[in-house]
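J.: A single structure is presented below for examination.
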Amino acid sequence: MTMNHSAKVINNQPQAVSRPLIAMLVLVGGLVGLFISFAVSISVGADMIPQSAVWDAVFHFHAQETQDQVIHYLRLPRAVAGVFVGAALAVAGALMQGMTRNPLADPGLLGINGGSEFMLALSFALFPKLSFGYLLLLSFVGAGIGAVLVYGLGALSRGGLTAVRLTLAGAAISALLVALSQGIALYGGLSQDLTYWLAGGMSGTNWVQVEWLIPCVIVGLIGAMVMSKSVTVLSLGEDVATALGQRTNMVKLVCTGLVLILAGASVTIAGPIGFVGLVVPHIARYFVGVDYRWIIPCAAVLGSLLIVLSDIGARMIHPPYEVPLGAVIALVGVPFFLYLARRDRRGL
Amino acid sequence: MQMSTADGKTHQRVARAMMVMAVVSALIMIVFIISMDTGPIRMTPGEVIRTVFGEGTAKDQLTLFAFRLPRIVITILIGAGLAVSGCILQAVTHNPLSDPGILGINSGAGLVVILYTLFFPNVQSTFALPFLAFFGALLTAVLIYALAAKRREGLSPTRVVLVGIAIAAAINAAMMVLEMLLDPQNFQFVATWLAGSIVGTDWTYVLALLPWIIVLLAFTLYKSRVLNVLSLGDQLATSLGAPVEREKRLLLGVAVALAGASVAVGGAISFVGLVGPHLARRLVGTKYEFLVPASALTGALLVILADMLAKWVLQPTEIPTGIVVAVIGAPYFLYLIVRWK
């Protein structure tokens with residue numbers, strides 16, 4: 001019974017169809033929206049800079065002028081990071097949900113957030129003077145350890161790696177890692193430091209981080225597009241996928257790797273932003289149907305849009321202070337998601 | 001479940017389930033006895049026994065009866081309540097990842113605790129806290145219900161799950177903002193609460209919790225046949241003649257009541273509700289007649305054991321029980337996952 005426990009959750013919609021036309025609309029509209037919000041994102045902030053000066057700063061950068069410096073060193077990397085983190089998280093979430101066939105799955109379920117939190121807590125406790133760069137590296141290593149543990153335990157088990165086993169192993173390992181980091185943090189009196197770090201969001205993103213992030217995310221996104229057809233097949237169920245000739249274990253291994261690259265890089269840069277990976281794939285699915293060849297690009301665009309918009313909000317609600325990004329994302333995303341969840345069941 | 005199952009095999013399964021439950025109960029008793037001897041104030045086992053039979057000193061009696069016993073009883077009740085709540089939710093939503101957390105219960109209670117700490121920064125541990133937390137949990141559940149229910153279609157489990165995660169995300173976001181406003185000392189208190197530590201350690205809470213949990217557990221047990229049918233899926237359940245909507249609503253209500261009460265007294269111990277039922281399922285199989293009591297017992301064992309270790313490992317400081325629950329529960333659960341075919 002545990003086997004079909006999770007099975008019927010995603011795919012029992014009355015109309016399990018794909019809507020390429022709407023998908024194209026979402027993609028085009030989303031990209032236009034993204035472009036506009038990107039432009040807004042680099043022009044608004046604690047220091048208001050007129051649009052003309054913004055473009056001047058972007059295309060003719062003068063290192064001496066303060067405004068140019070603000071744009072070039074603070075806002076531009078931040079906006080770019082927002083675009084890539086949003087896309088990465090949403091696509092990682094879509095892959096997780098397709099792979100595990102569970103609407104509650106998100107990238108964190110692969111032990112990525114837990115692993116990164118654990119490594120951060122450990123390094124705060126043991127090496128409090130570690131530089132920022134090392135912390136980022138350790139956080140990424142932690143994400144990797146979490147994912148390897150989850151996948152390894154799932155794959156090592158007697159009956160092989162099934163969706164249910166992956167989900168349960170992921171939930172258990174995440175809980176274990178989070179508990180350990182909470183323990184370390186409470187024992188060392190580091191809880192608030194850790195919370196500040198984890199709620200970090202996009203502020204303080206610099207070019208070095210972005211140069212790291214972009215190749216990771218691009219590789220991840222291309223990989224996800226290549227795998228999208230296989231994910232669609234896998235999301236129909238293990239039996240169906242096997243019957244159609246798919247090597248399901250291989251698909252799961254590749255998807256796990258992609259989720260690790262995408263979500264690991266995002267967690268390292270922006271902290272664990274829970275909502276995007278969980279909910280944006282549902283929103284994309286609502287618009288475009290069940291075909292992951294459309295879900296993945298639409299989720300990427302919508303995820304970017306959500307984060308860039310929310311990041312504008314995070315700066316503008318209470319300037320010059322920053323509101324935690326996760327809070328703004330929820331503020332923007334939850335009402336919209338609730339509206340979709342209530343309207344009808346076609347995609348959700 | 002299958003008609004063709006030979007009588008002997010059914011018999012074997014029943015015997016096995018009974019055996020497992022007997023063993024788990026025995027373990028709970030053992031941990032119970034060891035727990036009475038665990039705590040910051042030293043008591044020899046002899047003193048404990050003497051005190052139990054009414055021959056101890058006044059100080060020993062106070063330690064044992066006013067501090068240790070109520071806390072031990074509460075851990076058992078919380079463990080049982082959370083695990084059975086998770087058991088119901090996993091059956092009703094057909095999702096192995098469901099736990100009381102998806103109904104926003106932990107978040108709702110946590111939000112109220114943070115708000116309380118913000119407005120009354122000097123009164124940390126208080127009698128009213130569990131009741132406030134329960135109120136928060138209940139309010140969240142009502143909100144989720146109101147948003148998920150639709151007049152014509154009733155309550156679809158998928159929508160409950162989705163609305164639940166959305167509301168939980170919203171509340172968690174609010175909590176994150178509020179946490180930043182707390183001063184470090186109060187933050188530590190809230191962080192400890194959120195990690196799951198037993199706050200209500202008074203006989204009053206035992207008396208408040210005991211009838212509540214017992215009645216709800218008995219009711220769940222009475223409904224175990226309905227749970228068997230519901231776990232097959234809504235369509236099959238309907239075609240088997242179950243009044244699916246009504247039963248689901250009722251059982252969701254029970255799950256909320258169980259988890260809300262437990263979280264109120266025990267803090268946000270999230271792992272028990274998720275893993276307790278899965279552990280039980282590995283041990284006794286999938287029939288809810290056995291699964292419900294077995295979940296209650298494994299949940300109780302998990303929490304009572306964790307609470308003992310929480311008091312004992314880093315004496316005289318205490319680790320939040322919820323952390324210990326995950327640290328001892330997760331490896332065992334992972335071991336079962338690896339072993340299970």
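A note on labels: chains of the structure tokens are A, B, ... as shown, every chain counts residues from 1, and ligands are counted from 1 in their shown order.
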Considering only C-alpha atoms, give me a table of residues in chain A that are at most 8 Å from chain B, with the closest atom pair and distance in Å for each, as a tab-separated table.

T.:
```
residue	atom	partner	partner_atom	distance
A:Met1	CA	B:Thr286	CA	7.0
A:Thr2	CA	B:Pro96	CA	7.5
A:His5	CA	B:His94	CA	5.1
A:Ser6	CA	B:Asn95	CA	4.9
A:Lys8	CA	B:His94	CA	7.7
A:Val9	CA	B:Thr158	CA	6.7
A:Asn102	CA	B:Asn95	CA	7.6
A:Pro103	CA	B:Leu162	CA	7.9
A:Leu104	CA	B:Leu97	CA	7.1
A:Leu153	CA	B:Val338	CA	6.6
A:Gly154	CA	B:Val338	CA	6.9
A:Leu156	CA	B:Val338	CA	6.7
A:Ser157	CA	B:Val338	CA	3.9
A:Arg158	CA	B:Lys341	CA	5.4
A:Gly159	CA	B:Lys341	CA	4.3
A:Gly160	CA	B:Lys341	CA	7.9
A:Val164	CA	B:Pro96	CA	7.5
A:Arg165	CA	B:Ile337	CA	6.8
A:Thr167	CA	B:Leu97	CA	7.4
A:Leu168	CA	B:Leu97	CA	7.2
A:Ala169	CA	B:Leu334	CA	6.3
A:Ala171	CA	B:Leu97	CA	7.6
A:Ala172	CA	B:Ala330	CA	5.2
A:Ile173	CA	B:Ala330	CA	6.7
A:Ala175	CA	B:Ala326	CA	6.2
A:Leu176	CA	B:Ala326	CA	5.3
A:Ala179	CA	B:Ile323	CA	4.8
A:Leu180	CA	B:Ile323	CA	6.9
A:Gln182	CA	B:Ala195	CA	7.1
A:Gly183	CA	B:Ile323	CA	6.5
A:Leu186	CA	B:Gln188	CA	7.3
A:Tyr187	CA	B:Ile319	CA	7.9
A:Gly189	CA	B:Gln188	CA	7.7
A:Ser191	CA	B:Gln188	CA	7.0
A:Gln192	CA	B:Phe187	CA	7.0
A:Tyr196	CA	B:Met180	CA	7.8
A:Ala199	CA	B:Met176	CA	7.6
A:Gly274	CA	B:Ala169	CA	7.8
A:Phe275	CA	B:Ala169	CA	6.5
A:Val279	CA	B:Ala166	CA	7.9
A:Val323	CA	B:Val177	CA	7.3
A:Pro324	CA	B:Val177	CA	6.6
A:Gly326	CA	B:Ala173	CA	6.1
A:Ala327	CA	B:Ala173	CA	4.2
A:Val328	CA	B:Ala173	CA	7.7
A:Ala330	CA	B:Ala170	CA	5.2
A:Leu331	CA	B:Ala170	CA	6.7
A:Val334	CA	B:Ala166	CA	5.6
A:Phe337	CA	B:Ala166	CA	7.1
A:Leu338	CA	B:Val163	CA	6.3
A:Ala341	CA	B:Arg159	CA	6.5
A:Arg342	CA	B:Ala148	CA	6.8
```

J.: Neighbouring residues of Thr140 of chain B were defined as those with any atom within 7 Å, considering only C-alpha atoms; residues of the same chain fewer than 4 positions away were excluded. Please report them as number ranges by chain.

T.: B: 104-105, 108, 136, 144

J.: Taking the chain letters and numbering used in this document, name the residues of segment 80-172 of chain B that DSSP puts in helix (DSSP H, G or I), as a ChimeraX atom specification.

T.: /B:80-93,100-103,105-119,129-148,157-172

J.: Contacts of Asp202 of chain B at 8 Å or less, counting only C-alpha atoms, minus same-chain residues fewer than 2 places along, as an mmCIF file with N, CA, C and O atoms, in the first residue's frame?

T.:
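Saved as around_26.cif:
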```cif
data_model
loop_
_atom_site.group_PDB
_atom_site.id
_atom_site.type_symbol
_atom_site.label_atom_id
_atom_site.label_comp_id
_atom_site.auth_asym_id
_atom_site.auth_seq_id
_atom_site.Cartn_x
_atom_site.Cartn_y
_atom_site.Cartn_z
ATOM 1 N N ALA B 66 6.325 16.042 41.445
ATOM 2 C CA ALA B 66 5.944 17.342 40.899
ATOM 3 C C ALA B 66 6.677 17.668 39.609
ATOM 4 O O ALA B 66 6.191 18.440 38.803
ATOM 5 N N PHE B 67 7.883 17.096 39.426
ATOM 6 C CA PHE B 67 8.634 17.462 38.230
ATOM 7 C C PHE B 67 8.783 16.323 37.234
ATOM 8 O O PHE B 67 8.500 16.471 36.065
ATOM 9 N N PRO B 70 5.082 14.047 35.878
ATOM 10 C CA PRO B 70 4.207 14.688 34.887
ATOM 11 C C PRO B 70 4.890 14.830 33.532
ATOM 12 O O PRO B 70 4.274 14.607 32.495
ATOM 13 N N ARG B 71 6.176 15.144 33.560
ATOM 14 C CA ARG B 71 6.882 15.312 32.291
ATOM 15 C C ARG B 71 6.950 13.992 31.522
ATOM 16 O O ARG B 71 6.749 13.966 30.306
ATOM 17 N N GLY B 200 5.152 22.337 28.913
ATOM 18 C CA GLY B 200 4.185 22.127 29.982
ATOM 19 C C GLY B 200 4.561 20.892 30.775
ATOM 20 O O GLY B 200 4.353 19.781 30.340
ATOM 21 N N THR B 204 -1.200 19.830 35.743
ATOM 22 C CA THR B 204 -2.341 20.481 35.089
ATOM 23 C C THR B 204 -2.400 20.120 33.615
ATOM 24 O O THR B 204 -3.466 19.834 33.069
ATOM 25 N N TYR B 205 -1.222 20.130 32.975
ATOM 26 C CA TYR B 205 -1.205 19.817 31.548
ATOM 27 C C TYR B 205 -1.494 18.349 31.309
ATOM 28 O O TYR B 205 -2.124 17.989 30.325
ATOM 29 N N VAL B 206 -1.013 17.514 32.225
ATOM 30 C CA VAL B 206 -1.328 16.088 32.103
ATOM 31 C C VAL B 206 -2.838 15.914 32.142
ATOM 32 O O VAL B 206 -3.428 15.224 31.307
#
```

J.: Quick one: of A:Asp106, A:Asp193, A:Glu238, A:Glu322, who's nearest to Ser123 of chain A, counting only C-alpha atoms?

T.: A:Asp193

J.: From the list A:Phe132, A:Tyr321, A:Tyr151, A:Tyr73, which residue is nearest Trp207 of chain A when using only C-alpha atoms?

T.: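 For Trp207 of chain A, the nearest of the candidates is A:Tyr73.
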
J.: Can you tell me, as a PyMOL selection string, what residues are no more than 12 Å from Pro243 of chain B when counting only C-alpha atoms, ignoring any on the same chain fewer than 3 positions away?

T.: chain B and resi 154+226-227+229-230+234-240+246-250

J.: Which residues are close to Leu234 of chain A, i.e. within 8 Å by only C-alpha atoms, leaving aside same-chain residues fewer than 5 positions away? Reply as a ChimeraX atom specification.

T.: /A:98-99,240-241,248

J.: Restricting it to C-alpha atoms, dump the selection as an mmCIF file, in the first residue's frame.

T.:
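Saved result, result-v4.cif, follows:
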```
data_model
loop_
_atom_site.group_PDB
_atom_site.id
_atom_site.type_symbol
_atom_site.label_atom_id
_atom_site.label_comp_id
_atom_site.auth_asym_id
_atom_site.auth_seq_id
_atom_site.Cartn_x
_atom_site.Cartn_y
_atom_site.Cartn_z
ATOM 1 C CA GLY A 98 8.384 14.907 -11.441
ATOM 2 C CA MET A 99 10.901 12.417 -10.199
ATOM 3 C CA VAL A 240 4.856 2.877 -17.065
ATOM 4 C CA ALA A 241 8.324 4.348 -17.515
ATOM 5 C CA THR A 248 14.556 4.789 -14.546
#
```

J.: Looking at only C-alpha atoms, which of A:Leu194, A:Ala63, A:Leu258, A:Leu130 is the one that sits closest to Glu117 of chain A?

T.: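 Nearest to Glu117 of chain A: A:Leu194.
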
J.: Write out as a PyMOL selection string the residues lying within 9 Å of Val26 of chain A, counting only C-alpha atoms and excluding same-chain residues fewer than 6 positions away.

T.: chain A and resi 284+287-288+298+301-302

J.: Between B:Ala261, B:Thr63, B:Gly101, B:Met18, which residue has the minimum interatomic distance to Thr38 of chain B, considering only C-alpha atoms?

T.: B:Thr63
